[in-house]
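What follows is the content of protein13.pdb, which has PDB, C-alpha atoms and all ligand atoms:
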ATOM      1  CA  MET A   1       7.828   8.108   0.549  1.00  0.00           C
ATOM      2  CA  ASP A   2       7.241  10.011   3.734  1.00  0.00           C
ATOM      3  CA  VAL A   3       8.192   8.120   6.933  1.00  0.00           C
ATOM      4  CA  ARG A   4       6.143   8.814  10.063  1.00  0.00           C
ATOM      5  CA  ALA A   5       6.337   7.743  13.683  1.00  0.00           C
ATOM      6  CA  ALA A   6       3.857   5.085  14.767  1.00  0.00           C
ATOM      7  CA  PRO A   7       1.150   5.921  17.261  1.00  0.00           C
ATOM      8  CA  ALA A   8       2.388   4.684  20.629  1.00  0.00           C
ATOM      9  CA  PRO A   9       2.020   1.957  21.562  1.00  0.00           C
ATOM     10  CA  TRP A  10       2.128   0.143  18.198  1.00  0.00           C
ATOM     11  CA  GLU A  11      -0.445  -2.633  18.646  1.00  0.00           C
ATOM     12  CA  ARG A  12      -0.747  -3.984  15.113  1.00  0.00           C
ATOM     13  CA  PRO A  13       1.126  -7.170  14.230  1.00  0.00           C
ATOM     14  CA  THR A  14       4.689  -6.387  13.168  1.00  0.00           C
ATOM     15  CA  PRO A  15       5.806  -8.211  10.008  1.00  0.00           C
ATOM     16  CA  ALA A  16       8.525 -10.816  10.258  1.00  0.00           C
ATOM     17  CA  GLY A  17      11.350 -10.869   7.731  1.00  0.00           C
ATOM     18  CA  ASP A  18      10.288 -14.065   5.985  1.00  0.00           C
ATOM     19  CA  ALA A  19      10.381 -14.883   2.255  1.00  0.00           C
ATOM     20  CA  GLY A  20      12.716 -12.012   1.502  1.00  0.00           C
ATOM     21  CA  GLY A  21      10.230  -9.606   2.994  1.00  0.00           C
ATOM     22  CA  GLY A  22      12.737  -8.280   5.488  1.00  0.00           C
ATOM     23  CA  GLU A  23      14.284  -6.103   2.818  1.00  0.00           C
ATOM     24  CA  PHE A  24      10.864  -4.759   1.872  1.00  0.00           C
ATOM     25  CA  TRP A  25      10.050  -3.650   5.421  1.00  0.00           C
ATOM     26  CA  ALA A  26      13.562  -2.282   6.028  1.00  0.00           C
ATOM     27  CA  ALA A  27      13.420  -0.225   2.835  1.00  0.00           C
ATOM     28  CA  ALA A  28       9.998   1.117   3.772  1.00  0.00           C
ATOM     29  CA  ALA A  29      11.474   2.247   7.093  1.00  0.00           C
ATOM     30  CA  GLU A  30      13.901   4.330   4.998  1.00  0.00           C
ATOM     31  CA  GLY A  31      11.134   5.724   2.815  1.00  0.00           C
ATOM     32  CA  ARG A  32      11.597   3.430  -0.173  1.00  0.00           C
ATOM     33  CA  LEU A  33       8.697   1.385  -1.549  1.00  0.00           C
ATOM     34  CA  LEU A  34      10.042  -1.757  -3.227  1.00  0.00           C
ATOM     35  CA  ILE A  35       8.698  -4.029  -5.932  1.00  0.00           C
ATOM     36  CA  GLN A  36      10.493  -6.768  -7.826  1.00  0.00           C
ATOM     37  CA  ARG A  37      11.945  -6.543 -11.353  1.00  0.00           C
ATOM     38  CA  CYS A  38      13.096  -9.604 -13.269  1.00  0.00           C
ATOM     39  CA  ARG A  39      16.746  -9.476 -14.296  1.00  0.00           C
ATOM     40  CA  ALA A  40      16.012 -11.502 -17.450  1.00  0.00           C
ATOM     41  CA  CYS A  41      12.767 -10.074 -18.845  1.00  0.00           C
ATOM     42  CA  ALA A  42      12.185  -6.856 -16.819  1.00  0.00           C
ATOM     43  CA  HIS A  43       8.749  -8.041 -15.628  1.00  0.00           C
ATOM     44  CA  LEU A  44       7.601  -6.172 -12.519  1.00  0.00           C
ATOM     45  CA  GLN A  45       5.810  -8.032  -9.732  1.00  0.00           C
ATOM     46  CA  PHE A  46       4.566  -7.784  -6.180  1.00  0.00           C
ATOM     47  CA  TYR A  47       4.333  -9.557  -3.636  1.00  0.00           C
ATOM     48  CA  PRO A  48       7.971 -10.707  -3.521  1.00  0.00           C
ATOM     49  CA  ARG A  49       8.698 -14.182  -4.913  1.00  0.00           C
ATOM     50  CA  GLN A  50      11.784 -16.303  -5.519  1.00  0.00           C
ATOM     51  CA  LEU A  51      11.085 -16.497  -9.264  1.00  0.00           C
ATOM     52  CA  CYS A  52       9.733 -14.211 -11.977  1.00  0.00           C
ATOM     53  CA  THR A  53       6.094 -15.128 -12.610  1.00  0.00           C
ATOM     54  CA  ARG A  54       6.548 -14.517 -16.353  1.00  0.00           C
ATOM     55  CA  CYS A  55       9.797 -16.325 -17.229  1.00  0.00           C
ATOM     56  CA  GLY A  56      11.106 -18.016 -14.100  1.00  0.00           C
ATOM     57  CA  GLY A  57      14.090 -15.677 -13.952  1.00  0.00           C
ATOM     58  CA  THR A  58      15.569 -14.176 -10.821  1.00  0.00           C
ATOM     59  CA  PRO A  59      13.914 -11.003  -9.582  1.00  0.00           C
ATOM     60  CA  GLU A  60      15.682  -8.136  -7.878  1.00  0.00           C
ATOM     61  CA  TRP A  61      14.343  -5.199  -5.912  1.00  0.00           C
ATOM     62  CA  GLN A  62      13.426  -1.954  -7.633  1.00  0.00           C
ATOM     63  CA  GLN A  63      12.194   1.199  -6.002  1.00  0.00           C
ATOM     64  CA  ALA A  64       8.641   2.170  -6.954  1.00  0.00           C
ATOM     65  CA  SER A  65       7.421   5.739  -7.158  1.00  0.00           C
ATOM     66  CA  GLY A  66       4.937   5.328  -4.310  1.00  0.00           C
ATOM     67  CA  HIS A  67       2.160   6.644  -6.526  1.00  0.00           C
ATOM     68  CA  GLY A  68      -0.858   4.663  -7.637  1.00  0.00           C
ATOM     69  CA  THR A  69      -4.629   4.501  -7.851  1.00  0.00           C
ATOM     70  CA  VAL A  70      -7.290   2.578  -5.974  1.00  0.00           C
ATOM     71  CA  TYR A  71      -7.966  -0.568  -8.041  1.00  0.00           C
ATOM     72  CA  THR A  72     -10.634  -1.877  -5.660  1.00  0.00           C
ATOM     73  CA  TYR A  73     -11.437  -1.569  -1.972  1.00  0.00           C
ATOM     74  CA  THR A  74     -13.628  -2.696   0.881  1.00  0.00           C
ATOM     75  CA  VAL A  75     -14.805  -0.861   3.972  1.00  0.00           C
ATOM     76  CA  ILE A  76     -14.244  -2.866   7.163  1.00  0.00           C
ATOM     77  CA  ARG A  77     -17.076  -2.106   9.558  1.00  0.00           C
ATOM     78  CA  GLN A  78     -16.749  -5.039  11.960  1.00  0.00           C
ATOM     79  CA  ASN A  79     -13.548  -6.306  13.561  1.00  0.00           C
ATOM     80  CA  GLY A  80     -13.457  -7.431  17.175  1.00  0.00           C
ATOM     81  CA  ALA A  81      -9.656  -7.649  17.397  1.00  0.00           C
ATOM     82  CA  ARG A  82      -7.514  -4.937  18.944  1.00  0.00           C
ATOM     83  CA  PRO A  83      -6.306  -2.494  17.752  1.00  0.00           C
ATOM     84  CA  PHE A  84      -8.445  -2.633  14.616  1.00  0.00           C
ATOM     85  CA  ASN A  85     -11.710  -2.387  16.557  1.00  0.00           C
ATOM     86  CA  ALA A  86     -10.683   1.132  17.557  1.00  0.00           C
ATOM     87  CA  GLU A  87     -10.148   2.145  13.911  1.00  0.00           C
ATOM     88  CA  LEU A  88     -13.597   1.198  12.551  1.00  0.00           C
ATOM     89  CA  PRO A  89     -14.672   1.837   9.929  1.00  0.00           C
ATOM     90  CA  TYR A  90     -11.441   1.577   7.935  1.00  0.00           C
ATOM     91  CA  ILE A  91     -10.554   0.993   4.307  1.00  0.00           C
ATOM     92  CA  VAL A  92      -8.571  -1.905   2.871  1.00  0.00           C
ATOM     93  CA  ALA A  93      -7.687  -1.300  -0.756  1.00  0.00           C
ATOM     94  CA  VAL A  94      -5.802  -2.883  -3.616  1.00  0.00           C
ATOM     95  CA  ILE A  95      -3.573  -0.142  -4.988  1.00  0.00           C
ATOM     96  CA  GLU A  96      -2.451  -0.348  -8.597  1.00  0.00           C
ATOM     97  CA  LEU A  97       1.002   1.205  -8.626  1.00  0.00           C
ATOM     98  CA  ASP A  98       1.955   3.537 -11.462  1.00  0.00           C
ATOM     99  CA  GLU A  99       4.517   0.838 -12.367  1.00  0.00           C
ATOM    100  CA  GLY A 100       1.759  -1.803 -12.736  1.00  0.00           C
ATOM    101  CA  PRO A 101       1.923  -4.248  -9.823  1.00  0.00           C
ATOM    102  CA  ARG A 102      -0.834  -4.129  -7.209  1.00  0.00           C
ATOM    103  CA  MET A 103      -0.357  -3.827  -3.479  1.00  0.00           C
ATOM    104  CA  LEU A 104      -2.786  -4.314  -0.577  1.00  0.00           C
ATOM    105  CA  GLY A 105      -2.982  -1.620   2.065  1.00  0.00           C
ATOM    106  CA  ASN A 106      -5.038   0.780   4.139  1.00  0.00           C
ATOM    107  CA  VAL A 107      -6.142   4.154   2.763  1.00  0.00           C
ATOM    108  CA  THR A 108      -6.124   6.235   5.914  1.00  0.00           C
ATOM    109  CA  ASP A 109      -7.373   9.712   5.067  1.00  0.00           C
ATOM    110  CA  CYS A 110     -10.668   8.770   3.400  1.00  0.00           C
ATOM    111  CA  SER A 111     -14.084   8.181   4.889  1.00  0.00           C
ATOM    112  CA  PRO A 112     -16.173   5.313   3.478  1.00  0.00           C
ATOM    113  CA  GLU A 113     -18.105   7.963   1.538  1.00  0.00           C
ATOM    114  CA  GLU A 114     -14.943   9.450   0.004  1.00  0.00           C
ATOM    115  CA  ILE A 115     -13.079   6.338  -1.140  1.00  0.00           C
ATOM    116  CA  ALA A 116     -13.502   5.525  -4.824  1.00  0.00           C
ATOM    117  CA  ILE A 117     -12.042   3.270  -7.477  1.00  0.00           C
ATOM    118  CA  GLY A 118      -9.522   5.229  -9.521  1.00  0.00           C
ATOM    119  CA  LEU A 119      -8.680   7.608  -6.689  1.00  0.00           C
ATOM    120  CA  PRO A 120      -5.023   8.717  -6.972  1.00  0.00           C
ATOM    121  CA  VAL A 121      -3.115   7.807  -3.829  1.00  0.00           C
ATOM    122  CA  VAL A 122       0.425   8.140  -2.532  1.00  0.00           C
ATOM    123  CA  ALA A 123       2.275   5.887  -0.100  1.00  0.00           C
ATOM    124  CA  TYR A 124       3.722   6.787   3.256  1.00  0.00           C
ATOM    125  CA  ALA A 125       5.405   4.528   5.791  1.00  0.00           C
ATOM    126  CA  VAL A 126       4.781   4.142   9.501  1.00  0.00           C
ATOM    127  CA  LEU A 127       7.706   2.994  11.637  1.00  0.00           C
ATOM    128  CA  ALA A 128       6.378  -0.088  13.468  1.00  0.00           C
ATOM    129  CA  ALA A 129       9.780  -1.110  14.853  1.00  0.00           C
ATOM    130  CA  GLU A 130      13.443  -0.554  14.164  1.00  0.00           C
ATOM    131  CA  LYS A 131      13.980  -1.215  10.438  1.00  0.00           C
ATOM    132  CA  VAL A 132      10.312  -2.104   9.944  1.00  0.00           C
ATOM    133  CA  GLY A 133       8.221   0.363   7.977  1.00  0.00           C
ATOM    134  CA  ILE A 134       4.622  -0.386   7.039  1.00  0.00           C
ATOM    135  CA  PRO A 135       3.325   1.272   3.867  1.00  0.00           C
ATOM    136  CA  PHE A 136      -0.022   3.036   4.082  1.00  0.00           C
ATOM    137  CA  TRP A 137      -1.838   5.161   1.516  1.00  0.00           C
ATOM    138  CA  GLU A 138      -3.549   8.506   1.439  1.00  0.00           C
ATOM    139  CA  ARG A 139      -5.089  10.723  -1.207  1.00  0.00           C
ATOM    140  CA  GLU A 140      -2.591  12.302  -3.581  1.00  0.00           C
ATOM    141  CA  HIS A 141      -4.741  15.419  -3.811  1.00  0.00           C
ATOM    142  CA  PRO A 142      -6.484  15.816  -0.444  1.00  0.00           C
ATOM    143  CA  GLY A 143      -9.392  18.200  -0.385  1.00  0.00           C
ATOM    144  CA  THR A 144     -10.304  17.850  -4.051  1.00  0.00           C
ATOM    145  CA  PRO A 145     -13.806  16.661  -4.870  1.00  0.00           C
ATOM    146  CA  ILE A 146     -13.986  12.966  -5.621  1.00  0.00           C
ATOM    147  CA  ARG A 147     -15.772  12.165  -8.856  1.00  0.00           C
ATOM    148  CA  ARG A 148     -17.491   8.816  -8.910  1.00  0.00           C
ATOM    149  CA  SER A 149     -18.331   7.033 -12.138  1.00  0.00           C
ATOM    150  CA  ARG A 150     -22.036   7.161 -11.315  1.00  0.00           C
ATOM    151  CA  ASP A 151     -21.813  10.904 -10.594  1.00  0.00           C
ATOM    152  CA  THR A 152     -23.804  12.608 -13.328  1.00  0.00           C
ATOM    153  CA  SER A 153     -23.832  16.072 -11.772  1.00  0.00           C
ATOM    154  CA  ALA A 154     -21.242  17.384 -14.260  1.00  0.00           C
ATOM    155  CA  SER A 155     -23.166  16.364 -17.362  1.00  0.00           C
TER     156      SER A 155
HETATM  157 ZN    ZN B   1      11.195 -12.664 -16.094  1.00  0.00          ZN
END

Could you show the structure in this file as structure tokens?
Amino acid sequence: MDVRAAPAPWERPTPAGDAGGGEFWAAAAEGRLLIQRCRACAHLQFYPRQLCTRCGGTPEWQQASGHGTVYTYTVIRQNGARPFNAELPYIVAVIELDEGPRMLGNVTDCSPEEIAIGLPVVAYAVLAAEKVGIPFWEREHPGTPIRRSRDTSAS
């Protein structure tokens, strides 16, 4: 995935490397989006865990494509905390990766009127600190009309 410089100064919380997450953030800083794959049964999962949620086996990291679709989302219109209050309104979405697992993140190039379930998105990383990349999402096909399920104009 594309790696971009953070807006200066970076005011969002910077993730700590707990629960094995340090590898996730470090890989994102290098442009790699990681999920976990079980060594025993090949089950894919995210967020990172010590055990496979299907069989209890030991997961290892696997690089994901960075492509997915919006599974669901919400538009945040009120947040009094810096720096988020300067970004209102913004979109928090659950992204279903092409590989299957779902990942929470911000979709940054959509207005509240443009975001839609099923929208194809692609990940990019913002460098929050040395060896800490934060994945964000944007439309895979910017500029194309967004068709909503309730849109009957084409029929
Ligand atoms: Zn397993």

With only C-alpha atoms and all ligand atoms counted and 8 Å as the cut-off, give the residues of chain A in contact with ligand ZN 1 (chain B), each with its shortest interatomic distance in Å and the pair that gives it, as a tab-separated table.
residue	atom	partner	partner_atom	distance
A:Arg37	CA	B:ZN1	ZN	7.8
A:Cys38	CA	B:ZN1	ZN	4.6
A:Arg39	CA	B:ZN1	ZN	6.6
A:Ala40	CA	B:ZN1	ZN	5.1
A:Cys41	CA	B:ZN1	ZN	4.1
A:Ala42	CA	B:ZN1	ZN	5.9
A:His43	CA	B:ZN1	ZN	5.3
A:Leu51	CA	B:ZN1	ZN	7.8
A:Cys52	CA	B:ZN1	ZN	4.6
A:Thr53	CA	B:ZN1	ZN	6.7
A:Arg54	CA	B:ZN1	ZN	5.0
A:Cys55	CA	B:ZN1	ZN	4.1
A:Gly56	CA	B:ZN1	ZN	5.7
A:Gly57	CA	B:ZN1	ZN	4.7
A:Thr58	CA	B:ZN1	ZN	7.0
A:Pro59	CA	B:ZN1	ZN	7.2

Could you tell me which residues the PyMOL selection byres (((chain A and resi 131) around 7) and not hetatm) returns for this structure, as an MDAnalysis selection string? chainID A and resid 25:26 29 129:130 132:133

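Atom CA of Cys110 of chain A lies 13.7 Å from atom CA of Ala123 of chain A.
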
Translate the PyMOL selection byres (((chain A and resi 65) around 10) and not hetatm), as applied to the file shown, into an explicit residue set as a PDB file with C-alpha atoms, in the frame of the given file.
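Dumped everything to part-v4.pdb:
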ATOM      1  CA  MET A   1       7.828   8.108   0.549  1.00  0.00           C
ATOM      2  CA  ARG A  32      11.597   3.430  -0.173  1.00  0.00           C
ATOM      3  CA  LEU A  33       8.697   1.385  -1.549  1.00  0.00           C
ATOM      4  CA  LEU A  34      10.042  -1.757  -3.227  1.00  0.00           C
ATOM      5  CA  ILE A  35       8.698  -4.029  -5.932  1.00  0.00           C
ATOM      6  CA  GLN A  62      13.426  -1.954  -7.633  1.00  0.00           C
ATOM      7  CA  GLN A  63      12.194   1.199  -6.002  1.00  0.00           C
ATOM      8  CA  ALA A  64       8.641   2.170  -6.954  1.00  0.00           C
ATOM      9  CA  GLY A  66       4.937   5.328  -4.310  1.00  0.00           C
ATOM     10  CA  HIS A  67       2.160   6.644  -6.526  1.00  0.00           C
ATOM     11  CA  GLY A  68      -0.858   4.663  -7.637  1.00  0.00           C
ATOM     12  CA  LEU A  97       1.002   1.205  -8.626  1.00  0.00           C
ATOM     13  CA  ASP A  98       1.955   3.537 -11.462  1.00  0.00           C
ATOM     14  CA  GLU A  99       4.517   0.838 -12.367  1.00  0.00           C
ATOM     15  CA  VAL A 122       0.425   8.140  -2.532  1.00  0.00           C
ATOM     16  CA  ALA A 123       2.275   5.887  -0.100  1.00  0.00           C
TER      17      ALA A 123
END

Considering only C-alpha atoms, return as a PyMOL selection string whatever protein or nucleic-acid residues lie within 9 Å of Arg102 of chain A, sequence-local ones (same chain, fewer than 5 positions apart) excluded. chain A and resi 45-47+68+71+94-97

Some atoms are absent from segment 39-70 of chain A, so rebuild N, CA and C atoms and return them as a JSON list (two decimals), keeping the file's coordinate frame.
[["chain", "number", "residue", "atom", "x", "y", "z"],
["A", 39, "ARG", "N", 15.48, -9.80, -13.64],
["A", 39, "ARG", "CA", 16.75, -9.48, -14.30],
["A", 39, "ARG", "C", 16.75, -9.91, -15.75],
["A", 40, "ALA", "N", 15.99, -10.95, -16.08],
["A", 40, "ALA", "CA", 16.01, -11.50, -17.45],
["A", 40, "ALA", "C", 15.04, -10.79, -18.38],
["A", 41, "CYS", "N", 13.79, -10.57, -17.91],
["A", 41, "CYS", "CA", 12.77, -10.07, -18.84],
["A", 41, "CYS", "C", 12.16, -8.73, -18.42],
["A", 42, "ALA", "N", 12.61, -8.18, -17.29],
["A", 42, "ALA", "CA", 12.18, -6.86, -16.82],
["A", 42, "ALA", "C", 10.74, -6.82, -16.31],
["A", 43, "HIS", "N", 10.11, -7.99, -16.18],
["A", 43, "HIS", "CA", 8.75, -8.04, -15.63],
["A", 43, "HIS", "C", 8.76, -7.51, -14.20],
["A", 44, "LEU", "N", 7.74, -6.71, -13.87],
["A", 44, "LEU", "CA", 7.60, -6.17, -12.52],
["A", 44, "LEU", "C", 6.54, -6.97, -11.77],
["A", 45, "GLN", "N", 6.78, -7.25, -10.50],
["A", 45, "GLN", "CA", 5.81, -8.03, -9.73],
["A", 45, "GLN", "C", 5.84, -7.65, -8.26],
["A", 46, "PHE", "N", 4.72, -7.91, -7.60],
["A", 46, "PHE", "CA", 4.57, -7.78, -6.18],
["A", 46, "PHE", "C", 3.38, -8.65, -5.80],
["A", 47, "TYR", "N", 3.43, -9.44, -4.74],
["A", 47, "TYR", "CA", 4.33, -9.56, -3.64],
["A", 47, "TYR", "C", 5.65, -10.20, -4.06],
["A", 48, "PRO", "N", 6.67, -10.14, -3.18],
["A", 48, "PRO", "CA", 7.97, -10.71, -3.52],
["A", 48, "PRO", "C", 7.93, -12.23, -3.64],
["A", 49, "ARG", "N", 8.61, -12.74, -4.67],
["A", 49, "ARG", "CA", 8.70, -14.18, -4.91],
["A", 49, "ARG", "C", 10.15, -14.55, -5.26],
["A", 50, "GLN", "N", 10.44, -15.82, -5.19],
["A", 50, "GLN", "CA", 11.78, -16.30, -5.52],
["A", 50, "GLN", "C", 12.03, -16.26, -7.02],
["A", 51, "LEU", "N", 10.95, -16.41, -7.81],
["A", 51, "LEU", "CA", 11.08, -16.50, -9.26],
["A", 51, "LEU", "C", 10.18, -15.47, -9.94],
["A", 52, "CYS", "N", 10.58, -15.05, -11.14],
["A", 52, "CYS", "CA", 9.73, -14.21, -11.98],
["A", 52, "CYS", "C", 8.50, -15.01, -12.40],
["A", 53, "THR", "N", 7.32, -14.40, -12.26],
["A", 53, "THR", "CA", 6.09, -15.13, -12.61],
["A", 53, "THR", "C", 5.90, -15.20, -14.12],
["A", 54, "ARG", "N", 6.68, -14.45, -14.89],
["A", 54, "ARG", "CA", 6.55, -14.52, -16.35],
["A", 54, "ARG", "C", 7.51, -15.53, -16.95],
["A", 55, "CYS", "N", 8.79, -15.51, -16.54],
["A", 55, "CYS", "CA", 9.80, -16.32, -17.23],
["A", 55, "CYS", "C", 10.58, -17.25, -16.31],
["A", 56, "GLY", "N", 10.36, -17.16, -15.01],
["A", 56, "GLY", "CA", 11.11, -18.02, -14.10],
["A", 56, "GLY", "C", 12.48, -17.48, -13.75],
["A", 57, "GLY", "N", 12.80, -16.29, -14.24],
["A", 57, "GLY", "CA", 14.09, -15.68, -13.95],
["A", 57, "GLY", "C", 14.18, -15.21, -12.50],
["A", 58, "THR", "N", 15.31, -14.62, -12.19],
["A", 58, "THR", "CA", 15.57, -14.18, -10.82],
["A", 58, "THR", "C", 15.21, -12.70, -10.67],
["A", 59, "PRO", "N", 14.27, -12.41, -9.78],
["A", 59, "PRO", "CA", 13.91, -11.00, -9.58],
["A", 59, "PRO", "C", 14.88, -10.29, -8.64],
["A", 60, "GLU", "N", 14.93, -8.98, -8.81],
["A", 60, "GLU", "CA", 15.68, -8.14, -7.88],
["A", 60, "GLU", "C", 14.78, -6.98, -7.46],
["A", 61, "TRP", "N", 15.16, -6.30, -6.39],
["A", 61, "TRP", "CA", 14.34, -5.20, -5.91],
["A", 61, "TRP", "C", 14.50, -3.98, -6.80],
["A", 62, "GLN", "N", 13.41, -3.25, -6.94],
["A", 62, "GLN", "CA", 13.43, -1.95, -7.63],
["A", 62, "GLN", "C", 12.54, -1.01, -6.84],
["A", 63, "GLN", "N", 12.99, 0.22, -6.72],
["A", 63, "GLN", "CA", 12.19, 1.20, -6.00],
["A", 63, "GLN", "C", 11.03, 1.67, -6.86],
["A", 64, "ALA", "N", 9.84, 1.66, -6.28],
["A", 64, "ALA", "CA", 8.64, 2.17, -6.95],
["A", 64, "ALA", "C", 8.45, 3.64, -6.58],
["A", 65, "SER", "N", 7.62, 4.31, -7.37],
["A", 65, "SER", "CA", 7.42, 5.74, -7.16],
["A", 65, "SER", "C", 6.63, 6.05, -5.88],
["A", 66, "GLY", "N", 5.82, 5.07, -5.44],
["A", 66, "GLY", "CA", 4.94, 5.33, -4.31],
["A", 66, "GLY", "C", 3.63, 5.98, -4.71],
["A", 67, "HIS", "N", 3.41, 6.09, -6.01],
["A", 67, "HIS", "CA", 2.16, 6.64, -6.53],
["A", 67, "HIS", "C", 1.34, 5.55, -7.18],
["A", 68, "GLY", "N", 0.02, 5.65, -7.02],
["A", 68, "GLY", "CA", -0.86, 4.66, -7.64],
["A", 68, "GLY", "C", -2.30, 5.13, -7.57],
["A", 69, "THR", "N", -3.20, 4.21, -7.93],
["A", 69, "THR", "CA", -4.63, 4.50, -7.85],
["A", 69, "THR", "C", -5.34, 3.33, -7.18],
["A", 70, "VAL", "N", -6.50, 3.63, -6.62],
["A", 70, "VAL", "CA", -7.29, 2.58, -5.97],
["A", 70, "VAL", "C", -7.87, 1.68, -7.07]]
